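Here's the structure, in structure tokens; my notes come after.
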Amino acid sequence: RTPQTAFATALLRFFIMFRAAHRNLYRAALRSAPLAARQLQTSAAWTMRSAPKFANLAGVAAIVSAAAVASCETEPATGISFPKKLGSRTFVGAGPRIKFVFVKVYAVGLYVEAKDARALKGALPETILAQLNSVMTSKSIRIVMARDLSAEKYTAAIVEALEPRMDDKQVIEQFKSLNPPGPMAKGTEIIMELNGDVLYYVINGKTIGSIQSDQLTAALADIYLGENCVSPPLREAVCEGIAHGV
């Protein structure tokens, strides 16, 4: 064989071995961390489809892996990933929702406009929380389920937190109707966009509906950022993240 043929054969073998190793690593990740693997599955599939056969495949894989890590933050208690951007809004912190001391129900992250985060850099925690709790500060609350739960139980838990914070029972009933009956499987994503006095409710990328009520948007913000919030780690992470200029 000519040197050129031998080189081409060796390169082809390397490519085949690389693909097999990549596939085995992915399967191992899927078994050990199914949620994280599913979240990265799309970018991994894109990489293998798009990388030229004779490119520097190891370099491509390293670049894509680094980009995936750089574009996400991980909530440490649940291992759930949060993108650093959600639309125009910037990630400022996340924490777990824990029941009965050790049951991790979901991870919750907060997103605000970058200009609002920058304006609060270096501020004291009480100043940060007062501003973020204001109806005038637009924000998005992203929830990802860490375990299977029925929609009824999920809704009942939030309604239980809403009731002492607002007296408009009709709006509470409207909010309850946004959650369709059935299971909320592990990995289900819920986004609550709080834009002034309007709530936009999104489940797994589909907008379910909206409600106009300043009582509701203020109460939802207080559930996650108020003094008696349901996730103290979220509150602490947000204060630390904004103060240090995430």
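The way I read the labels, and the way they are meant: chains A, B, ... in the order of the structure tokens, residue 1 as the first residue of every chain, and ligand 1 as the first ligand shown, with later ones counted on from there.
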Using only C-alpha atoms, determine which residues lie at most 12 Å from range 123-139 of chain A, disregarding the query and same-chain residues fewer than 4 positions distant; provide the list as a PyMOL selection string. chain A and resi 86-92+109-119+191-200+213-227+229+234-245
So which one's closest to Glu163 in chain A, A:Lys176, A:Val246, A:Val101, A:Pro76? Using only C-alpha atoms, please.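 Of A:Lys176, A:Val246, A:Val101, A:Pro76, the one nearest Glu163 in chain A is A:Lys176, counting only C-alpha atoms.
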Kindly indicate which residue among A:Ile80, A:Met145, A:Ala94, A:Ala161 lies nearest to Val230 in chain A, using only C-alpha atoms for the distances.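 Of all the options, A:Ala161 lies closest to Val230 in chain A.
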Expressed in Å to a single decimal, how great is the separation between CA of Arg165 in chain A and CA of Gly93 in chain A?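 Atom-to-atom, CA of Arg165 in chain A to CA of Gly93 in chain A, that is 23.5 Å.
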Please identify which residues in range 55-206 of chain A DSSP calls helix (DSSP H, G or I) from the backbone, and express them as an NGL selection string. :A and (57-70 or 114-119 or 125-133 or 151-165 or 169-177)
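Coordinates place CA of Ser81 in chain A at a distance of 16.7 Å from CA of Ile203 in chain A.
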